[in-house]
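Text of my_file-v1.txt, listed as compact mmCIF, C-alpha atoms:
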# COMPACT_ATOMS: atom_id res chain seq x y z
CA MET M 15 -2.60 -19.12 -21.36
CA ILE M 16 -4.18 -16.14 -23.10
CA ALA M 17 -2.38 -15.11 -26.32
CA LEU M 18 -1.03 -11.59 -25.74
CA GLY M 19 -0.85 -10.80 -29.48
CA LYS M 20 -0.30 -7.18 -30.47
CA TYR M 21 -0.79 -5.94 -26.89
CA ALA M 22 2.13 -7.91 -25.44
CA SER M 23 4.28 -4.76 -25.35
CA TYR M 24 1.77 -3.21 -22.89
CA VAL M 25 0.75 -6.26 -20.82
CA ILE M 26 4.26 -7.61 -20.13
CA PRO M 27 5.69 -4.26 -18.87
CA ALA M 28 2.60 -3.78 -16.67
CA TYR M 29 3.21 -7.14 -14.96
CA ALA M 30 6.98 -6.60 -14.86
CA VAL M 31 6.74 -3.18 -13.23
CA SER M 32 4.20 -4.52 -10.71
CA ALA M 33 6.54 -7.38 -9.78
CA VAL M 34 9.50 -4.99 -9.44
CA VAL M 35 7.64 -2.40 -7.31
CA ILE M 36 5.99 -4.96 -5.01
CA GLY M 37 9.29 -6.89 -4.75
CA ALA M 38 11.14 -3.67 -3.89
CA LEU M 39 8.55 -2.75 -1.24
CA ALA M 40 8.83 -6.22 0.32
CA ALA M 41 12.65 -6.20 0.23
CA ASP M 42 12.87 -2.70 1.72
CA THR M 43 10.33 -3.61 4.43
CA LEU M 44 12.20 -6.77 5.47
CA ALA M 45 15.63 -5.08 5.33
CA ARG M 46 14.37 -2.21 7.50
CA ALA M 47 12.90 -4.62 10.08
CA ARG M 48 16.09 -6.71 10.20
CA ARG M 49 18.29 -3.64 10.51
CA TRP M 50 16.42 -2.04 13.43
CA ARG M 51 15.88 -5.31 15.23
CA ALA M 52 19.62 -6.01 15.06
CA GLU M 53 20.36 -2.47 16.26
CA VAL M 54 18.04 -2.88 19.28
CA LYS M 55 19.70 -6.23 20.09
CA ARG M 56 23.18 -4.68 19.83
CA LEU M 57 22.25 -1.76 22.08
CA GLN M 58 20.53 -4.05 24.59
CA GLN M 59 23.65 -6.19 24.80
CA LEU M 60 25.79 -3.07 25.17
CA LEU M 61 23.61 -1.88 28.07
CA GLY M 62 23.34 -5.39 29.56
CA LYS M 63 19.55 -5.47 29.16
CA ASP M 64 17.34 -8.51 28.83
CA GLU M 65 16.92 -9.54 25.16
CA ALA M 66 13.45 -10.88 25.96
CA GLU M 67 12.29 -7.25 25.93
CA LEU M 68 12.30 -7.48 22.13
CA MET B 57 -9.65 -3.50 19.91
CA ILE B 58 -7.71 -0.38 18.91
CA THR B 59 -6.96 0.33 22.59
CA ALA B 60 -5.68 -3.23 23.02
CA LEU B 61 -3.48 -2.95 19.94
CA ALA B 62 -2.20 0.45 21.06
CA ASN B 63 -0.08 -1.37 23.62
CA PRO B 64 3.26 -1.82 21.77
CA LYS B 65 4.09 -5.08 23.62
CA ARG B 66 0.72 -6.59 22.70
CA PHE B 67 1.07 -5.32 19.15
CA MET B 68 4.55 -6.83 18.77
CA ALA B 69 3.35 -10.19 20.10
CA LEU B 70 0.32 -10.22 17.77
CA SER B 71 2.10 -8.97 14.66
CA ARG B 72 4.92 -11.48 15.10
CA TRP B 73 2.69 -14.33 13.86
CA LEU B 74 0.02 -12.29 12.04
CA ALA B 75 2.39 -10.67 9.51
CA PRO B 76 3.84 -13.93 8.10
CA THR B 77 0.36 -15.50 8.13
CA LEU B 78 -1.03 -12.65 6.03
CA GLY B 79 2.00 -12.90 3.73
CA VAL B 80 1.44 -16.60 3.10
CA ILE B 81 -2.29 -16.06 2.43
CA ALA B 82 -1.43 -13.21 0.01
CA ALA B 83 1.03 -15.40 -1.91
CA ALA B 84 -1.48 -18.27 -2.15
CA LEU B 85 -4.28 -15.95 -3.34
CA ALA B 86 -1.97 -14.30 -5.89
CA CYS B 87 -0.94 -17.71 -7.30
CA VAL B 88 -4.56 -18.81 -7.77
CA GLY B 89 -5.71 -15.37 -8.99
CA LEU B 90 -2.87 -15.09 -11.53
CA GLY B 91 -3.42 -18.67 -12.67
CA MET B 92 -7.09 -17.98 -13.32
CA GLY B 93 -6.47 -14.51 -14.78
CA LEU B 94 -3.78 -15.57 -17.24
CA ASN B 95 -6.07 -18.33 -18.51
CA ALA B 96 -9.09 -16.05 -18.97
CA PRO B 97 -10.22 -15.50 -22.58
CA PRO B 98 -9.33 -12.19 -24.26
CA ASP B 99 -12.04 -9.54 -23.99
CA TYR B 100 -13.99 -8.94 -27.20
CA GLN B 101 -13.12 -5.22 -27.13
CA GLN B 102 -9.94 -4.94 -25.03
CA GLY B 103 -8.23 -8.10 -26.23
CA SER B 104 -5.38 -9.25 -23.96
CA THR B 105 -5.09 -5.81 -22.28
CA VAL B 106 -7.89 -7.06 -20.01
CA LEU B 107 -5.07 -8.83 -18.12
CA ILE B 108 -3.84 -5.43 -16.91
CA MET B 109 -7.11 -5.05 -15.00
CA PHE B 110 -6.06 -7.84 -12.59
CA ILE B 111 -3.11 -5.79 -11.36
CA HIS B 112 -4.36 -2.24 -12.00
CA VAL B 113 -7.65 -2.35 -10.08
CA PRO B 114 -6.16 -3.94 -6.90
CA ALA B 115 -3.27 -1.43 -6.95
CA ALA B 116 -5.69 1.51 -7.30
CA PHE B 117 -7.90 0.11 -4.52
CA LEU B 118 -4.89 -0.39 -2.25
CA GLY B 119 -3.69 3.15 -2.93
CA LEU B 120 -6.98 4.42 -1.49
CA MET B 121 -7.12 1.86 1.33
CA ALA B 122 -3.55 2.60 2.43
CA TYR B 123 -4.32 6.33 2.48
CA SER B 124 -7.42 5.68 4.62
CA CYS B 125 -5.20 3.69 7.03
CA LEU B 126 -2.63 6.50 6.97
CA ALA B 127 -5.24 9.18 7.66
CA ALA B 128 -6.92 7.15 10.45
CA SER B 129 -3.53 6.51 12.10
CA ALA B 130 -2.61 10.18 11.74
CA PHE B 131 -5.91 11.14 13.38
CA PHE B 132 -5.31 8.78 16.34
CA GLY B 133 -1.72 10.03 16.58
CA LEU B 134 -2.85 13.66 16.69
CA VAL B 135 -5.76 13.14 19.10
CA PHE B 136 -4.32 10.52 21.48
CA ARG B 137 -0.61 11.33 20.97
CA HIS B 138 0.11 7.61 20.74
CA SER B 139 3.51 6.72 19.29
CA LEU B 140 2.19 3.47 17.77
CA ALA B 141 -0.38 5.43 15.76
CA ASP B 142 2.39 7.70 14.44
CA ALA B 143 4.46 4.61 13.62
CA ALA B 144 1.47 3.11 11.78
CA ALA B 145 1.01 6.30 9.75
CA ARG B 146 4.71 6.47 8.85
CA ALA B 147 4.68 2.79 7.87
CA ALA B 148 1.63 3.09 5.60
CA ALA B 149 2.97 5.98 3.48
CA PRO B 150 5.67 4.28 1.35
CA LEU B 151 3.41 1.26 0.77
CA GLY B 152 0.48 3.43 -0.31
CA ALA B 153 2.77 5.50 -2.54
CA GLY B 154 4.07 2.32 -4.17
CA PHE B 155 0.59 0.96 -4.90
CA THR B 156 -0.64 4.34 -6.19
CA LEU B 157 2.39 4.61 -8.47
CA LEU B 158 1.60 1.12 -9.77
CA ALA B 159 -2.02 2.14 -10.43
CA LEU B 160 -0.79 5.16 -12.42
CA ILE B 161 1.78 3.19 -14.45
CA THR B 162 -0.41 0.15 -15.20
CA GLY B 163 -3.34 2.46 -16.00
CA SER B 164 -1.15 4.33 -18.45
CA LEU B 165 -0.02 1.06 -20.05
CA TRP B 166 -3.69 0.14 -20.51
CA GLY B 167 -4.74 3.62 -21.66
CA ARG B 168 -2.24 3.87 -24.52
CA PRO B 169 -3.67 0.99 -26.62
CA MET B 170 -7.32 1.52 -25.51
CA TRP B 171 -7.66 5.33 -25.43
CA GLY B 172 -4.76 6.15 -27.72
CA ALA B 173 -3.05 8.23 -25.00
CA TRP B 174 -0.61 7.51 -22.16
CA TRP B 175 -2.24 10.20 -20.04
CA VAL B 176 -5.35 12.40 -20.09
CA TRP B 177 -6.23 15.11 -17.54
CA ASP B 178 -9.36 13.19 -16.63
CA ALA B 179 -10.95 13.54 -13.16
CA ARG B 180 -10.01 10.01 -12.05
CA LEU B 181 -6.44 10.15 -13.32
CA THR B 182 -5.83 13.65 -11.99
CA SER B 183 -7.24 12.88 -8.53
CA GLU B 184 -5.16 9.66 -8.44
CA LEU B 185 -2.04 11.70 -9.29
CA ILE B 186 -2.95 14.14 -6.48
CA LEU B 187 -3.25 11.14 -4.12
CA PHE B 188 0.29 10.09 -5.08
CA LEU B 189 1.53 13.66 -4.50
CA PHE B 190 -0.06 13.66 -1.01
CA TYR B 191 1.88 10.49 -0.19
CA VAL B 192 5.11 12.06 -1.45
CA GLY B 193 4.34 15.31 0.40
CA TYR B 194 3.67 13.41 3.64
CA MET B 195 7.01 11.57 3.42
CA ALA B 196 8.92 14.69 2.34
CA LEU B 197 7.49 16.78 5.18
CA GLN B 198 8.40 14.12 7.73
CA ALA B 199 11.93 13.88 6.37
CA ALA B 200 12.34 17.66 6.38
CA ILE B 201 11.71 18.18 10.13
CA ASP B 202 14.42 16.97 12.54
CA ASP B 203 12.23 16.93 15.66
CA GLU B 204 10.34 13.65 15.30
CA ALA B 205 7.31 14.69 17.37
CA LYS B 206 6.92 17.92 15.39
CA ALA B 207 7.44 16.02 12.11
CA ASP B 208 4.72 13.51 13.04
CA ARG B 209 2.30 16.30 13.99
CA ALA B 210 2.89 18.36 10.83
CA ALA B 211 2.75 15.32 8.55
CA SER B 212 -0.43 14.08 10.28
CA ILE B 213 -2.17 17.40 9.60
CA LEU B 214 -1.14 17.16 5.95
CA ALA B 215 -2.40 13.54 5.85
CA LEU B 216 -5.80 14.63 7.22
CA VAL B 217 -6.04 17.42 4.64
CA GLY B 218 -5.26 14.86 1.94
CA ALA B 219 -8.03 12.57 3.20
CA ILE B 220 -10.49 14.93 1.46
CA ASN B 221 -9.10 13.57 -1.81
CA VAL B 222 -10.02 9.92 -1.03
CA PRO B 223 -13.77 10.23 -1.76
CA ILE B 224 -12.94 12.51 -4.70
CA VAL B 225 -10.84 9.73 -6.28
CA HIS B 226 -13.56 7.16 -5.63
CA TYR B 227 -16.53 9.21 -6.86
CA SER B 228 -14.70 11.12 -9.62
CA VAL B 229 -16.20 8.83 -12.27
CA VAL B 230 -19.69 9.57 -10.90
CA TRP B 231 -19.36 13.33 -10.30
CA TRP B 232 -17.68 14.22 -13.61
CA ASN B 233 -17.84 13.04 -17.18
CA SER B 234 -14.83 10.80 -17.27
CA LEU B 235 -12.96 8.84 -19.90
CA HIS B 236 -12.23 6.30 -17.18
CA GLN B 237 -14.77 3.50 -16.76
CA GLY B 238 -17.41 3.94 -14.12
CA GLU B 239 -18.10 1.61 -11.21
CA SER B 240 -18.60 -1.93 -12.53
CA ILE B 241 -18.35 -4.19 -9.48
CA PHE B 242 -20.37 -2.76 -6.57
CA VAL B 243 -23.40 -1.71 -8.59
CA LYS B 244 -27.13 -2.24 -8.20
CA GLY B 245 -28.13 -5.56 -9.72
CA GLY B 246 -24.68 -7.11 -9.27
CA PRO B 247 -21.28 -6.81 -10.93
CA LEU B 248 -21.15 -5.92 -14.60
CA LEU B 249 -18.06 -8.05 -15.10
CA ALA B 250 -18.31 -11.62 -16.41
CA ALA B 251 -17.48 -14.26 -13.78
CA VAL B 252 -14.43 -15.33 -15.77
CA TYR B 253 -12.86 -11.90 -15.06
CA LEU B 254 -14.57 -11.18 -11.73
CA TRP B 255 -13.08 -14.15 -9.86
CA PRO B 256 -9.41 -13.53 -10.72
CA LEU B 257 -9.94 -9.82 -10.03
CA ALA B 258 -11.46 -10.57 -6.61
CA LEU B 259 -8.66 -13.01 -5.73
CA MET B 260 -5.96 -10.55 -6.83
CA SER B 261 -7.65 -7.75 -4.86
CA PHE B 262 -7.61 -9.88 -1.71
CA ALA B 263 -4.01 -10.91 -2.44
CA TYR B 264 -2.95 -7.24 -2.61
CA MET B 265 -4.94 -6.47 0.54
CA PHE B 266 -3.31 -9.28 2.53
CA ALA B 267 0.11 -8.34 1.14
CA PHE B 268 -0.42 -4.76 2.27
CA GLY B 269 -1.51 -6.01 5.71
CA ALA B 270 1.63 -8.15 6.05
CA LEU B 271 4.00 -5.42 4.87
CA TRP B 272 2.30 -2.76 6.98
CA LEU B 273 2.64 -4.83 10.14
CA VAL B 274 6.33 -5.54 9.46
CA ARG B 275 6.99 -1.85 8.75
CA ILE B 276 5.25 -0.84 12.00
CA ARG B 277 7.41 -3.39 13.85
CA ALA B 278 10.52 -1.88 12.22
CA GLU B 279 9.35 1.59 13.25
CA VAL B 280 8.84 0.44 16.87
CA TRP B 281 12.36 -1.03 16.87
CA ARG B 282 13.79 2.15 15.32
CA ARG B 283 12.27 4.27 18.09
CA ARG B 284 13.41 1.77 20.71
CA ALA B 285 16.93 1.86 19.24
CA GLY B 286 16.85 5.66 19.47
CA ALA B 287 15.88 5.53 23.16
CA LEU B 288 18.54 2.88 23.90
CA ALA B 289 21.19 4.91 22.04
CA VAL B 290 20.41 7.89 24.31
CA GLN B 291 20.78 5.64 27.39
CA ALA B 292 24.06 4.25 26.04
CA ALA B 293 25.38 7.76 25.38
CA ARG B 294 24.54 8.81 28.96
CA GLY B 295 26.54 5.80 30.15
Give the structure from the file, written as structure tokens.
Amino acid sequence: MIALGKYASYVIPAYAVSAVVIGALAADTLARARRWRAEVKRLQQLLGKDEAEL
Amino acid sequence: MITALANPKRFMALSRWLAPTLGVIAAALACVGLGMGLNAPPDYQQGSTVLIMFIHVPAAFLGLMAYSCLAASAFFGLVFRHSLADAAARAAAPLGAGFTLLALITGSLWGRPMWGAWWVWDARLTSELILFLFYVGYMALQAAIDDEAKADRAASILALVGAINVPIVHYSVVWWNSLHQGESIFVKGGPLLAAVYLWPLALMSFAYMFAFGALWLVRIRAEVWRRRAGALAVQAARG
């Protein structure tokens, strides 16, 4: 692997912040999808609707 | 194709398998791209900061691409009044804002050792910051209006106004004297980058693109479910 040398204090934070932001976007996206899918399922069951409509 | 996808049922069926497929491709491309990038030799001028290029350039590109998707969706939402287009616009905004923020932060982390400054009011940097502010403005405007249809319409108009900034960001290094590097990939006579940097950069750019595609589709699905939940909640309340 490339030796980071004196620039390590710039390269490592750049990769770390990218991992954190992309990870946060992915986690938020998946959590949002799960939450609303579950809510639709719950309401469909409450109304006695067919779950296949999902 | 757009008309076919505008059918929510068809979209949900397609995105159900397409989103995870794009996610897997993105992860594979990122693994190979990072593997190649982290083993590339240090640049004779930039040293190891050249590694920042592999995450900065794709993030900046995605910031612009996501805004183009947002503006196109907003246009279709305004003209055809299609709820899926509005959902697509809403879904693109946080992703685009995230990638633009990354471009600003990683660019700053590269600029400090190379230019001697965290930030300069250069045409490219300033127009990129304006792009980020348009994303934030779009999301803030939508959150500020209770009536969803009105919020979508107002935010879509703002998104279309902001689309003027997309070519400005892209051509800022051509139109103005800029501290930021000029175009070095899509130039006459071929890329100016050495193959040892070009390949990892290309792979990382595709990885970011596929990742955006996967996340965008999942967010649109979530938005469709959210609207469906709203409609079902109204039915449930009516008994």
Could you build a table of the residues in chain B lying no more than 6 Å from chain M, giving for each the nearest pair of atoms and their separation in Å rounded to one decimal place, using all atoms listed in the file, ordered by chain and ascending residue number, as a Markdown table?
| residue | atom | partner | partner_atom | distance |
| --- | --- | --- | --- | --- |
| B:Leu94 | CA | M:Met15 | CA | 5.6 |
| B:Asn95 | CA | M:Met15 | CA | 4.6 |
| B:Ser104 | CA | M:Leu18 | CA | 5.3 |
| B:Thr162 | CA | M:Ala28 | CA | 5.2 |
| B:Leu165 | CA | M:Tyr24 | CA | 5.4 |
| B:Arg275 | CA | M:Thr43 | CA | 5.7 |
| B:Ala278 | CA | M:Ala47 | CA | 4.2 |
| B:Trp281 | CA | M:Trp50 | CA | 5.4 |
| B:Arg282 | CA | M:Trp50 | CA | 5.3 |
| B:Ala285 | CA | M:Val54 | CA | 4.9 |
Contacts of Gly152 in chain B at 8 Å (only C-alpha atoms; same-chain gap of 4+ positions) as a ChimeraX atom specification: /B:118-123,148,156,191
Of the candidates B:Leu140, B:Met265, B:Ala199, B:Val217, which one gets nearest to Ala116 in chain B if we count all atoms listed in the file?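 The answer is B:Met265, which sits nearest to Ala116 in chain B.
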For the point (-14.6, 6.1, -19.9) in file coordinates, what residues are within 12 Å, counting all atoms listed in the file? Give the answer as a VMD selection string? chain B and resid 167 170 to 171 176 178 to 181 228 to 230 232 to 240
Go ahead and compute the interatomic distance for CA of Glu184 in chain B and CA of Ser129 in chain B, in Å to one decimal.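 These atoms are spaced 20.8 Å apart.
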Rank nothing, just name the residue among B:Leu185, B:Leu151, B:Leu249, B:Val274 nearest to Gly37 in chain M, using all atoms listed in the file.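 Once distances to Gly37 in chain M are computed over all atoms listed in the file, the minimum belongs to B:Leu151.
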Quote the spacing between CA of His226 in chain B and CA of Gly91 in chain B in Å to one decimal place.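 Pair CA of His226 in chain B / CA of Gly91 in chain B returns 28.6 Å.
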Can you work out the spacing between CA of Ala258 in chain B and CA of Ala159 in chain B in Å, to one decimal?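 Going from CA of Ala258 in chain B over to CA of Ala159 in chain B covers 16.3 Å.
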Find the residues with any atom within 9 Å of (-4.1, -4.1, -6.8); use all atoms listed in the file and the coordinates as given in the file, and write the answer as a ChimeraX atom specification. /B:109-119,155,158-159,257,260-265
Tell me which protein, DNA and RNA residues are within 12 Å of Ala207 in chain B, counting all atoms listed in the file, leaving out same-chain ones fewer than 5 positions away, and put them as an NGL selection string. :B and (130 or 133-134 or 142-143 or 145-146 or 194-202 or 212-215)
Would you kindly return, as an MDAnalysis selection string, each protein, DNA or RNA residue with an atom no farther than 10 Å from any atom of Ala75 in chain B, considering all atoms listed in the file and excluding same-chain residues fewer than 2 positions away? chainID B and resid 70:73 77:80 266:275 277
From B:Ala128, B:Gln291, B:Asp99, B:Val135, residue lying nearest Gly218 in chain B [all atoms listed in the file]: B:Ala128
